[in-house]
Every structure is written in structure tokens, then in C-alpha cells.
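Below is work_13.cif, which holds mmCIF, C-alpha atoms, pLDDT in the B column; chains and numbers go by the auth columns.
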```cif
data_start
loop_
_atom_site.group_PDB
_atom_site.id
_atom_site.type_symbol
_atom_site.label_atom_id
_atom_site.label_comp_id
_atom_site.label_asym_id
_atom_site.label_seq_id
_atom_site.Cartn_x
_atom_site.Cartn_y
_atom_site.Cartn_z
_atom_site.B_iso_or_equiv
_atom_site.auth_seq_id
_atom_site.auth_asym_id
ATOM 1 C CA MET A 1 0.000 0.000 0.000 74.00 1 A
ATOM 2 C CA ALA A 2 1.065 3.597 -0.610 90.00 2 A
ATOM 3 C CA PHE A 3 2.283 5.762 2.280 95.00 3 A
ATOM 4 C CA HIS A 4 -0.022 8.671 3.160 96.00 4 A
ATOM 5 C CA SER A 5 1.073 11.823 4.966 95.00 5 A
ATOM 6 C CA GLY A 6 0.158 15.439 5.482 94.00 6 A
ATOM 7 C CA PHE A 7 -0.513 18.376 7.753 91.00 7 A
ATOM 8 C CA VAL A 8 -3.756 18.504 9.732 94.00 8 A
ATOM 9 C CA SER A 9 -4.794 21.697 11.526 90.00 9 A
ATOM 10 C CA ILE A 10 -7.058 21.570 14.584 91.00 10 A
ATOM 11 C CA ILE A 11 -9.248 24.656 14.915 88.00 11 A
ATOM 12 C CA GLY A 12 -12.080 25.688 17.209 88.00 12 A
ATOM 13 C CA ARG A 13 -13.283 28.177 19.762 86.00 13 A
ATOM 14 C CA PRO A 14 -11.499 28.455 23.140 83.00 14 A
ATOM 15 C CA ASN A 15 -12.064 25.500 25.489 83.00 15 A
ATOM 16 C CA ALA A 16 -13.470 23.260 22.749 88.00 16 A
ATOM 17 C CA GLY A 17 -10.893 20.628 23.715 90.00 17 A
ATOM 18 C CA LYS A 18 -8.209 21.107 21.033 88.00 18 A
ATOM 19 C CA SER A 19 -5.246 20.599 23.341 85.00 19 A
ATOM 20 C CA THR A 20 -6.909 17.604 24.994 90.00 20 A
ATOM 21 C CA LEU A 21 -7.461 16.100 21.549 93.00 21 A
ATOM 22 C CA LEU A 22 -3.855 16.645 20.469 90.00 22 A
ATOM 23 C CA ASN A 23 -2.551 15.093 23.680 87.00 23 A
ATOM 24 C CA ALA A 24 -4.835 12.081 23.238 90.00 24 A
ATOM 25 C CA LEU A 25 -3.853 11.562 19.598 90.00 25 A
ATOM 26 C CA VAL A 26 -0.120 11.892 20.131 85.00 26 A
ATOM 27 C CA GLY A 27 -0.195 10.021 23.418 77.00 27 A
ATOM 28 C CA GLU A 28 1.764 12.599 25.414 62.00 28 A
ATOM 29 C CA LYS A 29 0.876 15.739 27.313 57.00 29 A
ATOM 30 C CA ILE A 30 2.431 18.251 24.940 47.00 30 A
ATOM 31 C CA ALA A 31 -0.249 20.960 25.070 45.00 31 A
ATOM 32 C CA ILE A 32 -1.530 22.670 28.225 42.00 32 A
ATOM 33 C CA VAL A 33 -5.047 21.633 29.226 42.00 33 A
ATOM 34 C CA THR A 34 -6.961 24.023 31.479 40.00 34 A
ATOM 35 C CA GLU A 35 -10.365 25.630 31.814 43.00 35 A
ATOM 36 C CA LYS A 36 -8.698 29.041 31.387 43.00 36 A
ATOM 37 C CA PRO A 37 -9.242 30.159 27.764 42.00 37 A
ATOM 38 C CA GLN A 38 -6.363 31.034 25.397 44.00 38 A
ATOM 39 C CA THR A 39 -3.761 28.920 27.189 42.00 39 A
ATOM 40 C CA THR A 40 -2.390 27.806 23.800 42.00 40 A
ATOM 41 C CA ARG A 41 -0.733 30.924 22.386 45.00 41 A
ATOM 42 C CA MET A 42 1.334 29.331 19.634 53.00 42 A
ATOM 43 C CA CYS A 43 0.912 26.500 17.178 59.00 43 A
ATOM 44 C CA ILE A 44 2.076 23.156 18.563 74.00 44 A
ATOM 45 C CA GLN A 45 2.901 20.235 16.287 79.00 45 A
ATOM 46 C CA GLY A 46 2.213 16.644 17.243 84.00 46 A
ATOM 47 C CA ILE A 47 3.419 13.900 14.903 88.00 47 A
ATOM 48 C CA LEU A 48 1.628 10.558 14.739 90.00 48 A
ATOM 49 C CA ASN A 49 3.259 7.687 12.846 90.00 49 A
ATOM 50 C CA VAL A 50 0.584 5.190 11.845 91.00 50 A
ATOM 51 C CA LYS A 51 1.341 1.558 10.975 90.00 51 A
ATOM 52 C CA ALA A 52 -0.388 -0.162 8.094 91.00 52 A
ATOM 53 C CA GLN A 53 -3.388 -2.319 8.902 88.00 53 A
ATOM 54 C CA ARG A 54 -5.807 -4.329 6.852 83.00 54 A
ATOM 55 C CA LYS A 55 -7.350 -2.001 4.263 83.00 55 A
ATOM 56 C CA ARG A 56 -5.439 0.983 5.689 88.00 56 A
ATOM 57 C CA SER A 57 -2.122 2.410 4.509 91.00 57 A
ATOM 58 C CA ALA A 58 0.712 3.398 6.796 93.00 58 A
ATOM 59 C CA GLY A 59 1.181 7.113 7.206 94.00 59 A
ATOM 60 C CA GLN A 60 2.431 10.114 9.116 93.00 60 A
ATOM 61 C CA ILE A 61 0.028 12.751 10.418 94.00 61 A
ATOM 62 C CA VAL A 62 1.416 16.122 11.458 90.00 62 A
ATOM 63 C CA PHE A 63 -1.232 17.652 13.727 91.00 63 A
ATOM 64 C CA ILE A 64 -1.138 21.414 14.305 85.00 64 A
ATOM 65 C CA ASP A 65 -2.929 22.626 17.431 80.00 65 A
ATOM 66 C CA THR A 66 -3.907 26.288 17.099 75.00 66 A
ATOM 67 C CA PRO A 67 -4.951 28.949 19.625 65.00 67 A
ATOM 68 C CA GLY A 68 -8.696 29.272 20.125 52.00 68 A
ATOM 69 C CA VAL A 69 -10.431 31.568 17.639 49.00 69 A
ATOM 70 C CA HIS A 70 -11.352 34.887 19.261 43.00 70 A
ATOM 71 C CA LYS A 71 -11.704 38.619 18.597 50.00 71 A
ATOM 72 C CA PRO A 72 -8.307 40.202 17.728 48.00 72 A
ATOM 73 C CA ASP A 73 -8.754 43.064 20.209 44.00 73 A
ATOM 74 C CA SER A 74 -5.164 43.226 21.468 42.00 74 A
ATOM 75 C CA ARG A 75 -1.653 42.847 20.071 50.00 75 A
ATOM 76 C CA LEU A 76 -1.323 39.383 21.591 41.00 76 A
ATOM 77 C CA ASN A 77 -4.715 38.284 20.257 48.00 77 A
ATOM 78 C CA ARG A 78 -3.857 39.599 16.797 49.00 78 A
ATOM 79 C CA LYS A 79 -0.631 37.588 16.861 51.00 79 A
ATOM 80 C CA MET A 80 -2.551 34.493 17.909 50.00 80 A
ATOM 81 C CA MET A 81 -5.020 34.965 15.059 49.00 81 A
ATOM 82 C CA GLN A 82 -2.071 35.236 12.651 55.00 82 A
ATOM 83 C CA GLU A 83 -0.964 31.818 13.921 53.00 83 A
ATOM 84 C CA ILE A 84 -4.423 30.433 13.135 52.00 84 A
ATOM 85 C CA HIS A 85 -4.469 31.897 9.618 50.00 85 A
ATOM 86 C CA GLY A 86 -1.003 30.483 8.965 52.00 86 A
ATOM 87 C CA ALA A 87 -2.053 27.016 10.124 51.00 87 A
ATOM 88 C CA LEU A 88 -5.058 27.085 7.791 59.00 88 A
ATOM 89 C CA GLU A 89 -2.904 28.061 4.812 64.00 89 A
ATOM 90 C CA SER A 90 -0.381 25.220 5.188 70.00 90 A
ATOM 91 C CA ARG A 91 -2.585 22.170 5.645 86.00 91 A
ATOM 92 C CA ASP A 92 -3.993 19.154 3.840 92.00 92 A
ATOM 93 C CA LEU A 93 -6.982 18.757 6.146 95.00 93 A
ATOM 94 C CA VAL A 94 -8.752 20.786 8.831 94.00 94 A
ATOM 95 C CA LEU A 95 -10.346 19.331 11.958 95.00 95 A
ATOM 96 C CA LEU A 96 -13.084 21.687 13.165 95.00 96 A
ATOM 97 C CA LEU A 97 -13.611 20.838 16.814 95.00 97 A
ATOM 98 C CA VAL A 98 -16.811 21.931 18.547 94.00 98 A
ATOM 99 C CA ASP A 99 -18.092 21.384 22.064 95.00 99 A
ATOM 100 C CA ALA A 100 -21.265 19.345 21.582 95.00 100 A
ATOM 101 C CA THR A 101 -22.582 20.509 24.966 95.00 101 A
ATOM 102 C CA GLU A 102 -22.451 24.218 24.062 93.00 102 A
ATOM 103 C CA ARG A 103 -25.037 26.146 22.021 91.00 103 A
ATOM 104 C CA TYR A 104 -23.978 27.387 18.582 91.00 104 A
ATOM 105 C CA GLY A 105 -23.169 31.093 18.785 89.00 105 A
ATOM 106 C CA PRO A 106 -21.390 34.037 17.081 87.00 106 A
ATOM 107 C CA LEU A 107 -17.915 32.712 17.904 85.00 107 A
ATOM 108 C CA ASP A 108 -18.777 29.377 16.290 90.00 108 A
ATOM 109 C CA GLU A 109 -19.910 31.313 13.217 90.00 109 A
ATOM 110 C CA GLN A 110 -16.563 33.121 13.133 86.00 110 A
ATOM 111 C CA VAL A 111 -14.677 29.817 13.292 87.00 111 A
ATOM 112 C CA LEU A 112 -16.802 28.319 10.526 90.00 112 A
ATOM 113 C CA GLU A 113 -16.209 31.343 8.273 88.00 113 A
ATOM 114 C CA LEU A 114 -12.451 30.935 8.700 85.00 114 A
ATOM 115 C CA VAL A 115 -12.746 27.287 7.747 86.00 115 A
ATOM 116 C CA LYS A 116 -14.882 28.073 4.704 89.00 116 A
ATOM 117 C CA ARG A 117 -12.415 30.687 3.453 85.00 117 A
ATOM 118 C CA SER A 118 -9.525 28.241 3.776 84.00 118 A
ATOM 119 C CA GLY A 119 -11.002 26.050 1.037 86.00 119 A
ATOM 120 C CA ALA A 120 -9.636 22.956 2.782 88.00 120 A
ATOM 121 C CA PRO A 121 -11.421 19.646 3.219 93.00 121 A
ATOM 122 C CA VAL A 122 -12.919 19.674 6.719 95.00 122 A
ATOM 123 C CA PHE A 123 -13.791 17.029 9.276 98.00 123 A
ATOM 124 C CA LEU A 124 -16.308 18.188 11.888 97.00 124 A
ATOM 125 C CA LEU A 125 -15.535 16.686 15.290 98.00 125 A
ATOM 126 C CA LEU A 126 -18.327 16.842 17.853 97.00 126 A
ATOM 127 C CA ASN A 127 -16.398 16.685 21.108 97.00 127 A
ATOM 128 C CA LYS A 128 -17.568 15.813 24.636 96.00 128 A
ATOM 129 C CA VAL A 129 -20.355 13.536 23.372 96.00 129 A
ATOM 130 C CA ASP A 130 -19.890 11.499 26.567 95.00 130 A
ATOM 131 C CA LYS A 131 -21.650 14.401 28.332 95.00 131 A
ATOM 132 C CA LEU A 132 -24.463 14.593 25.788 93.00 132 A
ATOM 133 C CA HIS A 133 -27.768 12.708 25.965 91.00 133 A
ATOM 134 C CA LYS A 134 -27.765 10.160 23.126 90.00 134 A
ATOM 135 C CA GLU A 135 -31.097 11.335 21.719 95.00 135 A
ATOM 136 C CA LYS A 136 -29.575 14.795 21.099 94.00 136 A
ATOM 137 C CA LEU A 137 -26.665 13.573 18.977 95.00 137 A
ATOM 138 C CA LEU A 138 -28.417 12.869 15.654 95.00 138 A
ATOM 139 C CA PRO A 139 -30.324 16.203 15.611 95.00 139 A
ATOM 140 C CA LEU A 140 -27.034 17.971 16.419 95.00 140 A
ATOM 141 C CA ILE A 141 -25.279 16.257 13.513 96.00 141 A
ATOM 142 C CA GLY A 142 -28.173 17.256 11.266 96.00 142 A
ATOM 143 C CA ARG A 143 -27.984 20.926 12.270 95.00 143 A
ATOM 144 C CA TYR A 144 -24.239 21.175 11.692 95.00 144 A
ATOM 145 C CA SER A 145 -24.422 19.269 8.400 95.00 145 A
ATOM 146 C CA LYS A 146 -26.627 22.054 7.004 95.00 146 A
ATOM 147 C CA LEU A 147 -23.953 24.682 7.702 95.00 147 A
ATOM 148 C CA HIS A 148 -21.163 23.273 5.518 95.00 148 A
ATOM 149 C CA PRO A 149 -20.444 20.216 3.329 96.00 149 A
ATOM 150 C CA PHE A 150 -18.123 18.558 5.839 97.00 150 A
ATOM 151 C CA GLN A 151 -16.157 15.630 4.462 97.00 151 A
ATOM 152 C CA GLU A 152 -16.803 13.717 7.683 98.00 152 A
ATOM 153 C CA VAL A 153 -18.808 14.309 10.869 97.00 153 A
ATOM 154 C CA ILE A 154 -17.335 12.302 13.736 98.00 154 A
ATOM 155 C CA PRO A 155 -18.590 12.245 17.357 97.00 155 A
ATOM 156 C CA ILE A 156 -15.695 11.933 19.804 98.00 156 A
ATOM 157 C CA SER A 157 -14.688 12.330 23.421 97.00 157 A
ATOM 158 C CA ALA A 158 -11.102 13.578 23.480 95.00 158 A
ATOM 159 C CA MET A 159 -10.995 13.203 27.261 93.00 159 A
ATOM 160 C CA LYS A 160 -12.050 9.535 27.213 95.00 160 A
ATOM 161 C CA GLY A 161 -10.472 8.630 23.882 94.00 161 A
ATOM 162 C CA GLU A 162 -13.777 7.655 22.310 96.00 162 A
ATOM 163 C CA GLY A 163 -13.914 7.760 18.507 96.00 163 A
ATOM 164 C CA LEU A 164 -10.208 8.489 18.066 95.00 164 A
ATOM 165 C CA ASP A 165 -9.381 5.207 16.301 94.00 165 A
ATOM 166 C CA VAL A 166 -12.104 5.977 13.752 95.00 166 A
ATOM 167 C CA LEU A 167 -10.752 9.511 13.397 97.00 167 A
ATOM 168 C CA ILE A 168 -7.176 8.360 12.745 95.00 168 A
ATOM 169 C CA ASP A 169 -8.354 5.825 10.173 95.00 169 A
ATOM 170 C CA LYS A 170 -10.384 8.430 8.287 96.00 170 A
ATOM 171 C CA ILE A 171 -7.565 10.984 8.378 97.00 171 A
ATOM 172 C CA ILE A 172 -5.088 8.531 6.843 96.00 172 A
ATOM 173 C CA ARG A 173 -7.583 7.735 4.093 95.00 173 A
ATOM 174 C CA ALA A 174 -8.135 11.443 3.402 96.00 174 A
ATOM 175 C CA LEU A 175 -4.459 12.438 3.222 96.00 175 A
ATOM 176 C CA PRO A 176 -2.573 12.283 -0.069 95.00 176 A
ATOM 177 C CA GLU A 177 0.314 9.956 -0.810 96.00 177 A
ATOM 178 C CA GLY A 178 3.468 11.536 0.531 94.00 178 A
ATOM 179 C CA PRO A 179 6.808 11.157 2.316 93.00 179 A
ATOM 180 C CA HIS A 180 7.884 10.955 5.936 91.00 180 A
ATOM 181 C CA TYR A 181 8.050 14.674 6.676 89.00 181 A
ATOM 182 C CA PHE A 182 9.838 13.975 9.955 86.00 182 A
ATOM 183 C CA PRO A 183 12.044 11.071 11.068 84.00 183 A
ATOM 184 C CA THR A 184 10.238 8.436 13.102 73.00 184 A
ATOM 185 C CA THR A 185 13.117 8.132 15.577 59.00 185 A
ATOM 186 C CA LYS A 186 13.233 11.646 17.007 47.00 186 A
ATOM 187 C CA SER A 187 11.046 14.659 17.707 47.00 187 A
ATOM 188 C CA PRO A 188 12.031 17.638 15.549 38.00 188 A
ATOM 189 C CA THR A 189 11.476 21.267 16.432 34.00 189 A
ATOM 190 C CA SER A 190 10.748 24.162 14.115 33.00 190 A
ATOM 191 C CA ARG A 191 9.748 27.794 14.207 29.00 191 A
ATOM 192 C CA SER A 192 6.866 29.721 12.687 33.00 192 A
ATOM 193 C CA GLY A 193 7.703 33.400 12.481 31.00 193 A
ATOM 194 C CA SER A 194 8.948 34.538 15.882 27.00 194 A
ATOM 195 C CA TRP A 195 6.855 32.039 17.831 28.00 195 A
ATOM 196 C CA PRO A 196 8.254 28.526 18.356 32.00 196 A
ATOM 197 C CA GLN A 197 6.422 25.442 17.162 37.00 197 A
ATOM 198 C CA ARG A 198 7.059 22.480 19.418 39.00 198 A
ATOM 199 C CA SER A 199 6.944 19.040 17.851 41.00 199 A
ATOM 200 C CA TYR A 200 6.545 15.601 19.400 43.00 200 A
ATOM 201 C CA ALA A 201 6.123 12.189 17.833 43.00 201 A
ATOM 202 C CA ARG A 202 4.740 8.771 18.661 42.00 202 A
ATOM 203 C CA LYS A 203 3.810 5.598 16.806 45.00 203 A
ATOM 204 C CA CYS A 204 0.311 4.256 16.424 45.00 204 A
ATOM 205 C CA CYS A 205 -0.440 0.608 15.705 39.00 205 A
#
```
As C-alpha cells:
Amino acid sequence: MAFHSGFVSIIGRPNAGKSTLLNALVGEKIAIVTEKPQTTRMCIQGILNVKAQRKRSAGQIVFIDTPGVHKPDSRLNRKMMQEIHGALESRDLVLLLVDATERYGPLDEQVLELVKRSGAPVFLLLNKVDKLHKEKLLPLIGRYSKLHPFQEVIPISAMKGEGLDVLIDKIIRALPEGPHYFPTTKSPTSRSGSWPQRSYARKCC
């Protein structure tokens, strides 16, 4: 089978669970997780090396965790929004993460508009479904599906690890054929502008 690889940006409003998701996918605590919004102030890379399985190619996924989308009302916030725009420009796939327990509001609309303008294929991830009554899930999927032609809509719980195997499988299938962007034996570091991008790697069976 061909090797699939690419860059996958994680975007969402503050406290949607982006850092929790990245930590769960990479298998290490590389991003700060807290109830305080805007803890992630720079893009953080997490590299997942995926082994081939039956009907699934091997691959390398470079996840990019971004700051939460917000109003650029200060110099710091404007810099953080620049990080988000940069992550959306250099990607093969976007993961739009939403908190399934929160009502859709203006900030969600702002995030969705950013995603639409990027022109990237988008997976919608409905996070924290472990806290949602099961009868509310299908109507929620239906409402979001009317907002944008998402390539996939996947219910997950980043905290409990639910749905992540399905997510990884679908990401590998969606990524193009490509090289190992980073060695599988060490964790590289890089910089984006004046803000560092930290990178960590792990293997996935």
C-alpha cells in the first residue's frame, strides 16, 4: 500500500478541547489543558506515525494545534489569530472541533467562516459527546451538516479517547500519498515566524 502523509490543523473556539485532543492523539501531554481560555498561544505540532493495517495504509500525520479563535482586540490576540491563519494556509486537512454541549453562537460562526475561506477539506468533530444525551446527537449532527459540506462528521470524546481510532483511520484515508516529513526516531522542532512550534512524535499501531 502507498504511504499517506500530510498536515492537519485543529481549529475551534477556546475551550473546545483542542489541546486535549492533540494530547490524546499523540499520546503525550504536549499541550496545556486548562479551563482558562487562550492557554495555547502558539501552534504546537504533534506527529503521529501510523502503521499499516488491513485495508489501511501506513502514514504520518502532522497535527497542528492552534490557539482558540477569538476577537483580535489586542496585540497578543492579533498575533494568535495570525498563527491560526497560517495554520489554515499550510494544511492538507482541517479538523473543526466543537463542544457538543455548548449552544452554537457568534464565535462558532466566526470559526466556521475561517474554515470556509480556507477552502480545505474539513472534518467536523463533535467533542464531549460522553456528556451529551444520546437522543440529542443525531439532531445535532443534522444541524451542523446544514452549515457546511463537511467531508466527515465524527462524534468523539477527546478526554475519554472515544472515537479516536475511527478519526485516525479516516484521516489517513483522506491524506494524499506523501513522504515521511519527519524522522520516526526523534522529535524535531521548528519555528513559525517569531513564535516557536514544538513538535513531538509517537507511533500508532
Restricting the calculation to all atoms listed in the file: of A:Pro183, A:Pro149, A:Gly163, A:Pro155, which residue gets closest to Asp99 of chain A?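 Among the listed residues, the smallest separation from Asp99 of chain A belongs to A:Pro155.
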Can you tell me how far atom CA of Lys160 of chain A sits from atom CA of Leu107 of chain A, in Å to one decimal? 25.7 Å
Determine the residue membership of the PyMOL selection byres ((chain A and resi 113-130) around 7) for the file above and supply it as an NGL selection string. :A and (88-89 or 92-101 or 109-112 or 131-132 or 150-158)
Next, the residues of the selection above should be written as an mmCIF file, in the coordinates of the input with C-alpha atoms.
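The resulting result-v4.cif:
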```
data_model
loop_
_atom_site.group_PDB
_atom_site.id
_atom_site.type_symbol
_atom_site.label_atom_id
_atom_site.label_comp_id
_atom_site.auth_asym_id
_atom_site.auth_seq_id
_atom_site.Cartn_x
_atom_site.Cartn_y
_atom_site.Cartn_z
ATOM 1 C CA LEU A 88 -5.058 27.085 7.791
ATOM 2 C CA GLU A 89 -2.904 28.061 4.812
ATOM 3 C CA ASP A 92 -3.993 19.154 3.840
ATOM 4 C CA LEU A 93 -6.982 18.757 6.146
ATOM 5 C CA VAL A 94 -8.752 20.786 8.831
ATOM 6 C CA LEU A 95 -10.346 19.331 11.958
ATOM 7 C CA LEU A 96 -13.084 21.687 13.165
ATOM 8 C CA LEU A 97 -13.611 20.838 16.814
ATOM 9 C CA VAL A 98 -16.811 21.931 18.547
ATOM 10 C CA ASP A 99 -18.092 21.384 22.064
ATOM 11 C CA ALA A 100 -21.265 19.345 21.582
ATOM 12 C CA THR A 101 -22.582 20.509 24.966
ATOM 13 C CA GLU A 109 -19.910 31.313 13.217
ATOM 14 C CA GLN A 110 -16.563 33.121 13.133
ATOM 15 C CA VAL A 111 -14.677 29.817 13.292
ATOM 16 C CA LEU A 112 -16.802 28.319 10.526
ATOM 17 C CA LYS A 131 -21.650 14.401 28.332
ATOM 18 C CA LEU A 132 -24.463 14.593 25.788
ATOM 19 C CA PHE A 150 -18.123 18.558 5.839
ATOM 20 C CA GLN A 151 -16.157 15.630 4.462
ATOM 21 C CA GLU A 152 -16.803 13.717 7.683
ATOM 22 C CA VAL A 153 -18.808 14.309 10.869
ATOM 23 C CA ILE A 154 -17.335 12.302 13.736
ATOM 24 C CA PRO A 155 -18.590 12.245 17.357
ATOM 25 C CA ILE A 156 -15.695 11.933 19.804
ATOM 26 C CA SER A 157 -14.688 12.330 23.421
ATOM 27 C CA ALA A 158 -11.102 13.578 23.480
#
```
Excluding same-chain residues fewer than 4 positions from Leu21 of chain A, what lies within 9 Å of it counting all atoms listed in the file, as number ranges by chain? A: 10, 17, 25-26, 65, 127, 157-159, 161, 164
Selection to disk with C-alpha atoms, as a PDB file, in the frame of the given file:
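Result file out.pdb:
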```pdb
ATOM      1  CA  ILE A  10      -7.058  21.570  14.584  1.00 91.00           C
ATOM      2  CA  GLY A  17     -10.893  20.628  23.715  1.00 90.00           C
ATOM      3  CA  LEU A  25      -3.853  11.562  19.598  1.00 90.00           C
ATOM      4  CA  VAL A  26      -0.120  11.892  20.131  1.00 85.00           C
ATOM      5  CA  ASP A  65      -2.929  22.626  17.431  1.00 80.00           C
ATOM      6  CA  ASN A 127     -16.398  16.685  21.108  1.00 97.00           C
ATOM      7  CA  SER A 157     -14.688  12.330  23.421  1.00 97.00           C
ATOM      8  CA  ALA A 158     -11.102  13.578  23.480  1.00 95.00           C
ATOM      9  CA  MET A 159     -10.995  13.203  27.261  1.00 93.00           C
ATOM     10  CA  GLY A 161     -10.472   8.630  23.882  1.00 94.00           C
ATOM     11  CA  LEU A 164     -10.208   8.489  18.066  1.00 95.00           C
TER      12      LEU A 164
END
```
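Using only C-alpha atoms, the smallest distance between any of A:Ala24, A:Ile141, A:Val50, A:Ile44 and Phe63 of chain A comes from A:Ile44.
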Please indicate the distance in Å from atom CA of Ser9 of chain A to atom CA of Gln45 of chain A, rounded to one decimal place.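 Computing it gives 9.2 Å between the two atoms.
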Considering only C-alpha atoms, can you say which of A:Pro139, A:Gly46, A:Gly27, A:Pro179 comes closest to His4 of chain A? A:Pro179
If you measure from atom CA of Gly105 of chain A to atom CA of Ser145 of chain A, what distance in Å do you get, rounded to one decimal?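 Spanning atom CA of Gly105 of chain A to atom CA of Ser145 of chain A is a straight-line distance of 15.8 Å.
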Using the file's own x, y and z axes, so that the box edges lie along x, y and z, what centre and edge lengths in Å (one decimal) does a box around every listed atom of segment 114-133 of chain A get when 6 Å is added on each side? Give it as JSON.
```
{"center_x": -18.6, "center_y": 21.2, "center_z": 14.7, "size_x": 30.2, "size_y": 31.4, "size_z": 39.3}
```
Expected selection from the PyMOL selection byres ((chain A and resi 3) around 6), given as a CSV table (one decimal) with C-alpha atoms, in the coordinates of the input:
```csv
chain,number,residue,atom,x,y,z
A,2,ALA,CA,1.1,3.6,-0.6
A,4,HIS,CA,0.0,8.7,3.2
A,57,SER,CA,-2.1,2.4,4.5
A,58,ALA,CA,0.7,3.4,6.8
A,59,GLY,CA,1.2,7.1,7.2
A,177,GLU,CA,0.3,10.0,-0.8
```
For Thr184 of chain A, which residue among A:Ile171, A:Leu22, A:Leu48, A:Met1 is the nearest when counting all atoms listed in the file? A:Leu48
Given all atoms listed in the file as the counted atoms, nearest of A:Gln60, A:Val8, A:His148, A:Pro14 to His180 of chain A: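 Nearest candidate to His180 of chain A out of A:Gln60, A:Val8, A:His148, A:Pro14: A:Gln60.
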